[in-house]
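S.K.: Next comes my_file.txt, compact mmCIF, C-alpha atoms:
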# COMPACT_ATOMS: atom_id res chain seq x y z
CA MET J 1 88.31 93.31 118.14
CA THR J 2 90.95 90.59 117.94
CA VAL J 3 89.76 87.17 118.98
CA THR J 4 92.18 84.36 119.78
CA PHE J 5 90.90 80.97 118.69
CA TYR J 6 92.54 78.23 120.71
CA GLN J 7 92.67 75.16 118.50
CA ASN J 8 93.37 71.63 119.65
CA GLU J 9 92.71 68.07 118.51
CA ALA J 10 89.38 67.99 120.31
CA ASN J 11 87.90 70.61 117.98
CA ASP J 12 84.70 69.70 116.16
CA LEU J 13 85.83 70.86 112.71
CA ASP J 14 82.39 71.94 111.51
CA LYS J 15 81.77 73.96 114.64
CA LYS J 16 85.21 75.55 114.46
CA TYR J 17 84.82 76.52 110.81
CA SER J 18 81.36 77.91 111.40
CA ALA J 19 82.61 80.02 114.33
CA LEU J 20 85.51 81.34 112.22
CA CYS J 21 83.16 82.36 109.40
CA ASP J 22 80.86 84.13 111.87
CA LEU J 23 83.70 86.01 113.54
CA LEU J 24 85.21 87.19 110.26
CA GLN J 25 81.88 88.13 108.74
CA HIS J 26 81.20 90.28 111.82
CA GLY J 27 84.50 92.11 111.41
CA HIS J 28 86.67 90.36 114.00
CA HIS J 29 90.36 89.68 113.46
CA VAL J 30 91.03 86.07 114.50
CA THR J 31 94.33 84.55 115.55
CA CYS J 32 94.11 80.76 115.32
CA THR J 33 96.72 79.16 117.51
CA SER J 34 97.48 75.92 119.28
CA GLN J 35 100.09 77.58 121.49
CA THR J 36 98.83 78.45 124.94
CA GLN J 37 101.60 81.09 125.30
CA ALA J 38 99.94 83.00 122.44
CA LEU J 39 96.80 83.41 124.53
CA GLN J 40 98.47 85.84 126.93
CA GLY J 41 97.23 89.37 126.35
CA SER J 42 94.20 88.24 124.35
CA SER J 43 91.05 90.31 124.63
CA ILE J 44 88.83 87.24 124.20
CA VAL J 45 89.56 83.54 123.77
CA VAL J 46 87.32 81.12 121.86
CA GLY J 47 87.81 77.36 121.96
CA GLU J 48 86.21 74.04 122.64
CA PHE J 49 86.92 72.92 126.16
CA ALA J 50 83.83 70.99 127.35
CA GLY J 51 84.19 72.86 130.61
CA ASP J 52 87.66 71.41 131.19
CA PHE J 53 90.02 74.33 130.67
CA PRO J 54 93.78 73.77 130.37
CA GLN J 55 95.64 75.47 133.21
CA ASP J 56 97.04 78.23 130.95
CA VAL J 57 93.54 79.02 129.73
CA GLU J 58 91.93 78.92 133.15
CA GLN J 59 94.39 81.54 134.41
CA LEU J 60 93.48 84.07 131.74
CA SER J 61 91.73 87.21 132.90
CA CYS J 62 89.91 87.80 129.59
CA PRO J 63 86.48 86.38 128.68
CA ILE J 64 86.50 82.79 127.39
CA VAL J 65 83.85 81.43 125.01
CA ASP J 66 83.55 77.65 125.21
CA LEU J 67 82.07 76.45 121.90
CA SER J 68 81.05 73.12 123.41
CA GLU J 69 78.59 75.04 125.59
CA THR J 70 77.89 78.03 123.32
CA PRO J 71 77.88 76.92 119.67
CA GLN J 72 76.74 80.37 118.47
CA VAL J 73 79.92 82.32 119.12
CA MET J 74 78.40 85.68 118.18
CA SER J 75 75.80 85.39 120.93
CA LYS J 76 78.65 85.98 123.39
CA LEU J 77 80.22 88.92 121.62
CA GLU J 78 79.15 92.52 121.37
CA GLN J 79 77.75 93.28 117.96
CA SER J 80 77.78 96.63 116.28
CA THR J 81 74.39 97.89 115.17
CA GLU J 82 75.97 100.17 112.56
CA LYS J 83 75.96 99.10 108.94
CA PRO J 84 79.60 98.31 108.10
CA TRP J 85 81.37 100.56 105.63
CA LYS J 86 82.33 98.74 102.46
CA PRO J 87 86.00 99.65 102.12
CA TRP J 88 85.86 101.03 98.59
CA PHE J 89 88.52 103.61 97.82
CA PRO J 90 91.36 104.19 95.35
CA VAL J 91 94.77 102.66 95.92
CA ILE J 92 97.66 104.32 94.10
CA ASP J 93 100.37 102.29 92.41
CA TYR J 94 103.30 104.67 92.87
CA ASP J 95 105.41 102.62 90.46
CA ARG J 96 103.08 103.94 87.75
CA CYS J 97 101.76 107.27 89.09
CA THR J 98 103.34 110.35 87.49
CA ASN J 99 101.71 112.82 89.91
CA CYS J 100 99.75 114.39 87.02
CA MET J 101 96.82 114.95 89.44
CA GLN J 102 94.12 114.31 86.87
CA CYS J 103 92.39 112.03 89.37
CA MET J 104 92.44 114.73 92.04
CA ASN J 105 91.06 117.33 89.68
CA PHE J 106 88.41 114.91 88.49
CA CYS J 107 87.14 113.70 91.87
CA LEU J 108 84.42 115.94 93.27
CA PHE J 109 84.32 114.28 96.67
CA GLY J 110 87.69 115.30 98.11
CA VAL J 111 89.15 111.81 98.26
CA TYR J 112 92.57 112.92 97.05
CA GLY J 113 94.98 115.45 98.45
CA LEU J 114 98.64 116.35 98.42
CA SER J 115 101.32 115.52 100.94
CA ASN J 116 103.68 118.19 102.28
CA GLU J 117 106.00 117.20 99.44
CA GLN J 118 103.18 117.90 96.92
CA LYS J 119 102.80 114.20 96.22
CA LEU J 120 99.36 112.87 95.36
CA GLN J 121 97.78 110.74 98.07
CA VAL J 122 94.44 109.30 99.12
CA GLN J 123 93.51 111.46 102.10
CA THR J 124 89.87 110.66 102.87
CA PRO J 125 89.04 107.18 101.57
CA GLN J 126 85.67 107.23 103.36
CA ASN J 127 84.52 110.03 101.02
CA CYS J 128 84.80 107.73 98.01
CA LYS J 129 81.53 106.66 96.42
CA THR J 130 81.03 102.90 96.62
CA GLU J 131 81.35 101.12 93.27
CA CYS J 132 82.53 104.26 91.47
CA PRO J 133 85.84 103.63 89.63
CA ALA J 134 85.69 106.80 87.53
CA CYS J 135 88.97 108.38 88.69
CA SER J 136 90.86 105.22 87.75
CA ARG J 137 89.38 105.46 84.27
CA VAL J 138 90.74 108.96 83.75
CA CYS J 139 94.24 107.98 84.91
CA PRO J 140 96.46 107.87 81.81
CA GLU J 141 98.93 105.47 83.46
CA ALA J 142 96.50 102.87 84.91
CA ALA J 143 97.99 103.73 88.29
CA ILE J 144 94.77 103.74 90.29
CA MET J 145 93.32 100.51 91.61
CA PHE J 146 90.08 99.62 93.30
CA PRO J 147 90.88 96.17 94.70
CA LYS J 148 87.19 95.21 94.86
CA TYR J 149 86.46 96.22 91.25
CA LYS J 150 85.29 93.47 88.90
CA ALA J 151 87.87 93.76 86.13
CA GLY J 152 91.56 94.32 85.54
CA PRO J 153 93.75 96.25 85.66
CA ILE J 154 91.60 98.41 87.97
CA ASN J 155 91.23 95.46 90.38
CA GLY J 156 95.02 95.23 90.76
CA ASP J 157 95.70 92.73 88.01
CA GLU J 158 98.92 93.40 86.11
CA VAL J 159 98.75 96.15 83.50
CA SER J 160 99.21 94.75 79.99
CA GLU J 161 100.37 96.49 76.82
CA GLU J 162 96.81 96.32 75.58
CA ASP J 163 95.60 98.14 78.71
CA LEU J 164 98.22 100.82 78.23
CA ASN J 165 97.15 101.38 74.63
CA LYS J 166 93.60 101.83 75.86
CA GLU J 167 94.86 104.38 78.38
CA LYS J 168 96.60 106.34 75.65
CA MET J 169 93.34 106.57 73.73
CA LYS J 170 91.48 107.99 76.69
CA VAL J 171 90.19 111.49 76.46
CA ASP J 172 92.33 113.67 78.65
CA ILE J 173 89.46 115.03 80.64
CA SER J 174 91.60 117.46 82.56
CA SER J 175 92.98 119.17 79.48
CA LEU J 176 89.60 118.96 77.80
CA LEU J 177 88.22 121.00 80.64
CA GLY J 178 91.15 123.36 80.65
CA GLY J 179 93.14 121.82 83.50
CA ASN J 180 90.94 122.78 86.41
CA ILE J 181 87.47 121.35 86.64
CA TYR J 182 86.17 124.10 88.95
CA ASP J 183 87.39 126.88 86.66
CA ALA J 184 85.95 125.04 83.71
CA LEU J 185 82.57 124.61 85.38
CA ARG J 186 82.48 128.26 86.37
CA GLN J 187 83.31 129.37 82.83
CA ARG J 188 80.76 126.97 81.37
CA SER J 189 78.14 128.26 83.77
CA GLU J 190 78.89 131.86 82.79
CA ARG J 191 78.70 131.01 79.09
CA ALA J 192 75.45 129.16 79.63
CA GLN J 193 73.93 132.04 81.57
CA SER J 194 74.85 134.45 78.85
CA ARG J 195 73.44 132.13 76.20
CA PHE J 196 70.20 131.48 78.11
CA ALA J 197 69.78 135.19 78.59
CA LYS J 198 69.59 135.44 74.81
CA GLU J 199 67.88 132.16 73.91
CA ARG J 200 65.88 131.32 77.05
CA ASP J 201 65.78 127.70 75.96
CA GLU J 202 66.20 126.00 79.31
CA ASP J 203 64.55 122.77 78.20
CA ARG J 204 67.13 122.33 75.50
CA ALA J 205 69.95 123.01 77.96
CA LEU J 206 68.55 120.52 80.41
CA LYS J 207 68.30 117.88 77.72
CA GLU J 208 71.89 118.53 76.69
CA ARG J 209 73.07 118.27 80.29
CA LYS J 210 71.27 114.94 80.72
CA ARG J 211 72.76 113.63 77.49
CA CYS J 212 76.29 114.57 78.53
CA LEU J 213 75.91 113.03 81.97
CA LYS J 214 74.52 109.82 80.47
CA LYS J 215 77.50 109.52 78.16
CA LEU J 216 79.98 110.21 80.96
CA GLN J 217 78.24 107.69 83.19
CA LYS J 218 78.48 104.98 80.52
CA ASP J 219 82.11 105.72 79.60
CA LEU J 220 83.40 105.79 83.16
CA ASP J 221 81.15 103.12 84.72
CA ILE J 222 79.72 105.57 87.26
CA PRO J 223 76.86 104.22 89.44
CA ASP J 224 73.54 106.14 89.55
CA GLU J 225 74.02 106.93 93.25
CA VAL J 226 77.20 108.84 92.47
CA LEU J 227 75.54 111.07 89.92
CA ASN J 228 72.71 111.68 92.35
CA SER J 229 75.15 112.79 95.03
CA LEU J 230 77.16 115.20 92.88
CA PRO J 231 77.63 118.59 94.47
CA ILE J 232 75.08 121.14 93.32
CA PRO J 233 76.37 123.93 91.03
CA LYS J 234 76.29 126.50 93.85
CA HIS J 235 78.69 124.41 95.95
CA LEU J 236 81.03 123.95 93.01
CA LEU J 237 81.09 127.69 92.43
CA ASP J 238 81.70 128.34 96.13
CA ASP J 239 84.61 125.89 96.05
CA SER J 240 86.11 127.51 93.00
CA SER J 241 85.87 130.98 94.51
CA GLU J 242 87.78 129.70 97.56
CA MET K 1 107.99 83.24 123.53
CA SER K 2 105.33 82.10 121.07
CA GLU K 3 106.01 81.93 117.37
CA LYS K 4 103.83 84.14 115.20
CA PRO K 5 101.61 82.42 112.60
CA LYS K 6 103.16 82.37 109.14
CA ILE K 7 99.89 82.65 107.26
CA LEU K 8 97.62 85.68 106.88
CA TYR K 9 94.20 85.05 105.36
CA CYS K 10 91.95 87.90 104.15
CA HIS K 11 88.22 87.11 104.16
CA CYS K 12 87.26 90.07 101.92
CA ALA K 13 84.16 90.20 104.10
CA TYR K 14 82.49 93.28 102.66
CA SER K 15 82.30 92.42 98.98
CA ARG K 16 81.91 89.61 96.48
CA ALA K 17 85.15 90.41 94.71
CA VAL K 18 86.74 87.13 95.76
CA PRO K 19 84.77 84.09 94.61
CA LYS K 20 82.91 82.81 97.67
CA GLU K 21 83.61 79.15 96.94
CA VAL K 22 87.36 79.80 96.76
CA LYS K 23 87.64 81.81 99.97
CA MET K 24 85.40 79.40 101.87
CA GLU K 25 87.37 76.37 100.70
CA VAL K 26 90.67 78.02 101.61
CA LEU K 27 89.38 78.96 105.06
CA ARG K 28 87.95 75.47 105.58
CA LYS K 29 91.22 73.80 104.65
CA LEU K 30 93.26 76.12 106.86
CA SER K 31 90.85 75.56 109.72
CA ASP K 32 90.81 71.77 109.34
CA SER K 33 94.59 71.52 109.03
CA GLY K 34 95.13 72.85 112.55
CA VAL K 35 97.93 75.12 111.31
CA ASN K 36 98.38 78.42 113.16
CA PHE K 37 97.16 81.36 111.09
CA GLU K 38 95.85 84.91 111.27
CA ALA K 39 92.51 85.70 109.64
CA VAL K 40 91.39 89.28 109.06
CA PRO K 41 87.98 90.40 107.82
CA ASP K 42 89.34 92.72 105.13
CA ILE K 43 92.83 94.05 104.35
CA CYS K 44 91.31 97.00 102.46
CA LYS K 45 89.56 98.15 105.63
CA LEU K 46 92.73 97.80 107.70
CA SER K 47 94.58 99.81 105.05
CA ALA K 48 91.97 102.58 104.99
CA GLU K 49 92.20 102.79 108.78
CA LYS K 50 96.02 102.67 108.60
CA SER K 51 95.84 99.92 111.18
CA PRO K 52 99.11 99.19 113.02
CA VAL K 53 98.28 95.49 112.61
CA LEU K 54 99.48 95.75 109.01
CA LYS K 55 102.89 96.95 110.22
CA ASP K 56 103.22 93.83 112.35
CA PHE K 57 102.45 91.65 109.34
CA ALA K 58 104.79 93.60 107.07
CA GLN K 59 107.68 92.91 109.43
CA GLN K 60 107.26 89.14 109.07
CA GLU K 61 109.30 88.38 105.97
CA ASP K 62 108.36 84.68 105.88
CA LEU K 63 104.63 85.41 105.94
CA HIS K 64 102.32 83.96 103.28
CA ILE K 65 99.46 86.34 102.48
CA ILE K 66 96.28 84.87 101.04
CA ALA K 67 94.23 87.69 99.55
CA CYS K 68 93.79 89.05 96.01
CA TYR K 69 95.99 90.54 93.29
CA PRO K 70 99.58 91.01 94.56
CA ARG K 71 99.84 94.51 93.05
CA ALA K 72 96.77 95.62 95.01
CA VAL K 73 97.95 93.96 98.23
CA LYS K 74 101.40 95.51 97.92
CA TRP K 75 100.04 99.05 97.62
CA LEU K 76 97.33 98.52 100.25
CA PHE K 77 100.10 97.75 102.75
CA LYS K 78 102.26 100.60 101.47
CA SER K 79 99.45 103.13 101.79
CA ALA K 80 99.14 102.14 105.45
CA GLN K 81 102.87 102.91 105.90
CA ALA K 82 103.53 99.19 106.17
CA PRO K 83 105.62 98.29 103.11
CA LEU K 84 105.92 94.58 102.45
CA GLN K 85 109.34 92.96 102.13
CA GLN K 86 109.50 89.65 100.28
CA GLN K 87 106.22 88.15 101.49
CA LYS K 88 104.55 85.70 99.13
CA ILE K 89 101.02 86.59 98.07
CA ALA K 90 98.44 84.05 96.93
CA ASN K 91 95.56 85.38 94.85
CA MET K 92 92.08 84.00 95.59
CA ARG K 93 90.67 85.89 92.57
CA ALA K 94 92.87 84.02 90.13
CA GLN K 95 94.01 80.78 91.78
CA GLN K 96 92.19 77.66 92.86
CA ALA K 97 91.81 76.92 96.56
CA GLN K 98 93.87 73.72 96.48
CA GLU K 99 96.67 75.43 94.59
CA ILE K 100 96.79 78.13 97.26
CA ILE K 101 96.80 75.63 100.10
CA ASP K 102 99.62 73.66 98.45
CA GLN K 103 101.55 76.89 98.02
CA VAL K 104 101.22 78.10 101.62
CA MET K 105 101.73 74.67 103.14
CA GLU K 106 104.76 74.33 100.82
CA LYS K 107 103.73 70.94 99.49
Render the structure in this file as structure tokens.

M.R.:
Amino acid sequence: MTVTFYQNEANDLDKKYSALCDLLQHGHHVTCTSQTQALQGSSIVVGEFAGDFPQDVEQLSCPIVDLSETPQVMSKLEQSTEKPWKPWFPVIDYDRCTNCMQCMNFCLFGVYGLSNEQKLQVQTPQNCKTECPACSRVCPEAAIMFPKYKAGPINGDEVSEEDLNKEKMKVDISSLLGGNIYDALRQRSERAQSRFAKERDEDRALKERKRCLKKLQKDLDIPDEVLNSLPIPKHLLDDSSE
Amino acid sequence: MSEKPKILYCHCAYSRAVPKEVKMEVLRKLSDSGVNFEAVPDICKLSAEKSPVLKDFAQQEDLHIIACYPRAVKWLFKSAQAPLQQQKIANMRAQQAQEIIDQVMEK
């Protein structure tokens, strides 16, 4: 919801600042203005009036919160009970992206898709796993940003020569897996089944799987929660058969 | 006709990516100055939602945006079909609060 904060010289600065922090922290867009014309069309107006509303304010049909009478601004606003989604998702720098689609092939959560013109795009940002920057780490051009990531260039900082050299050294996961992760997984599963049929050493296979996942997790900075939410092999095989 | 505020402040409300002391000091100084400004909880969220609000901001060429890395901000707007023009972007992850305030107040 957009809140219009009517500011004037009578504002108690501490109270005003505290109200602004509260509104923003609770997800409200705030327009701070000293122009009464800007109040027209507001869905809610907050200000400090001491019960003495200017004529333009008094005529408004929207709710008015007077901070001089209600210091806790949020007590007058509807609050969502849902836990807010942390907006964590990839942002593509199209000045760098070469449409190689390694990120799309790598991501198992369907975040990426293609436009009608076959151009890579982020289609379902809400599917992205919070704190997981793994797709940006497989991008050979450093074209994928997560603006809330801790370090550059993934956080949007400029890409340096040094960063690019690191990118060149990356293992090309897509080609390593034969270009299509679903095909590769299916083939690996078939090979493994055939091998287990002969060796029946499932403990060893499990250990190897754990070791590989651990290494991948460390290299790509993948949070535990992401590994725990990976699709189970049956789903991957179903997807690949589609 | 009212003039639109020339400053857009992003609170980066859902993460600790922006140093808290910087964003709080910037917000405090904007608030105390009495200047007209727009404050949004999180540009990333607006971008993910493809909010039309971003289009309104993108059309204001003389807007100062106070957020994070300019490369990220540019493509966040672009991915919401709201390409920026020549707007100036101050970076709360790399600049000091006073430097940002001086920049947007054009001191």

S.K.: Counting all atoms listed in the file, which of K:Val22, K:Ile66, K:Ile89, K:Leu30 gets nearest to chain J?

M.R.: K:Leu30

S.K.: Taking only C-alpha atoms into account, report as a PyMOL selection string which residues of chain J lie within 7 Å of chain K.

M.R.: chain J and resi 7+13+17+24-25+27-35+37-38+86-87+91-93+125+145+147-150+156-157

S.K.: Figure out the distance between CA of Glu141 (chain J) and CA of Ser160 (chain J), please, to one decimal in Å.

M.R.: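 Result for CA of Ser160 (chain J) versus CA of Glu141 (chain J): 11.3 Å, one decimal.
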
S.K.: What does the distance from CA of Asp62 (chain K) to CA of Ala19 (chain J) come to in Å, to one decimal?

M.R.: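 Computed distance, CA of Asp62 (chain K) to CA of Ala19 (chain J), equals 27.5 Å.
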
S.K.: Tell me, in Å to one decimal, how far CA of Pro83 (chain K) is from CA of Gln126 (chain J).

M.R.: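 Those two atoms sit 21.9 Å apart.
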
S.K.: At a cut-off of 6 Å, using all atoms listed in the file, what residues contact region 102-111 of chain J? Leave out same-chain residues fewer than 2 positions from it and give the result as a list in words.

M.R.: Cys100, Val122, Gln123, Thr124, Pro125, Asn127, Cys128, Cys135 and Ser174 of chain J

S.K.: Which residues are near Leu63 (chain K)? Cut-off 6 Å, all atoms listed in the file, ignore same chain within fewer than 5 positions. Put them as a ChimeraX atom specification.

M.R.: /K:6-7,87

S.K.: Take the residues from that selection and write them out as a PDB file, in the frame of the given file, keeping C-alpha atoms.

M.R.:
ATOM      1  CA  LYS K   6     103.160  82.370 109.140  1.00  0.00           C
ATOM      2  CA  ILE K   7      99.890  82.650 107.260  1.00  0.00           C
ATOM      3  CA  GLN K  87     106.220  88.150 101.490  1.00  0.00           C
TER       4      GLN K  87
END
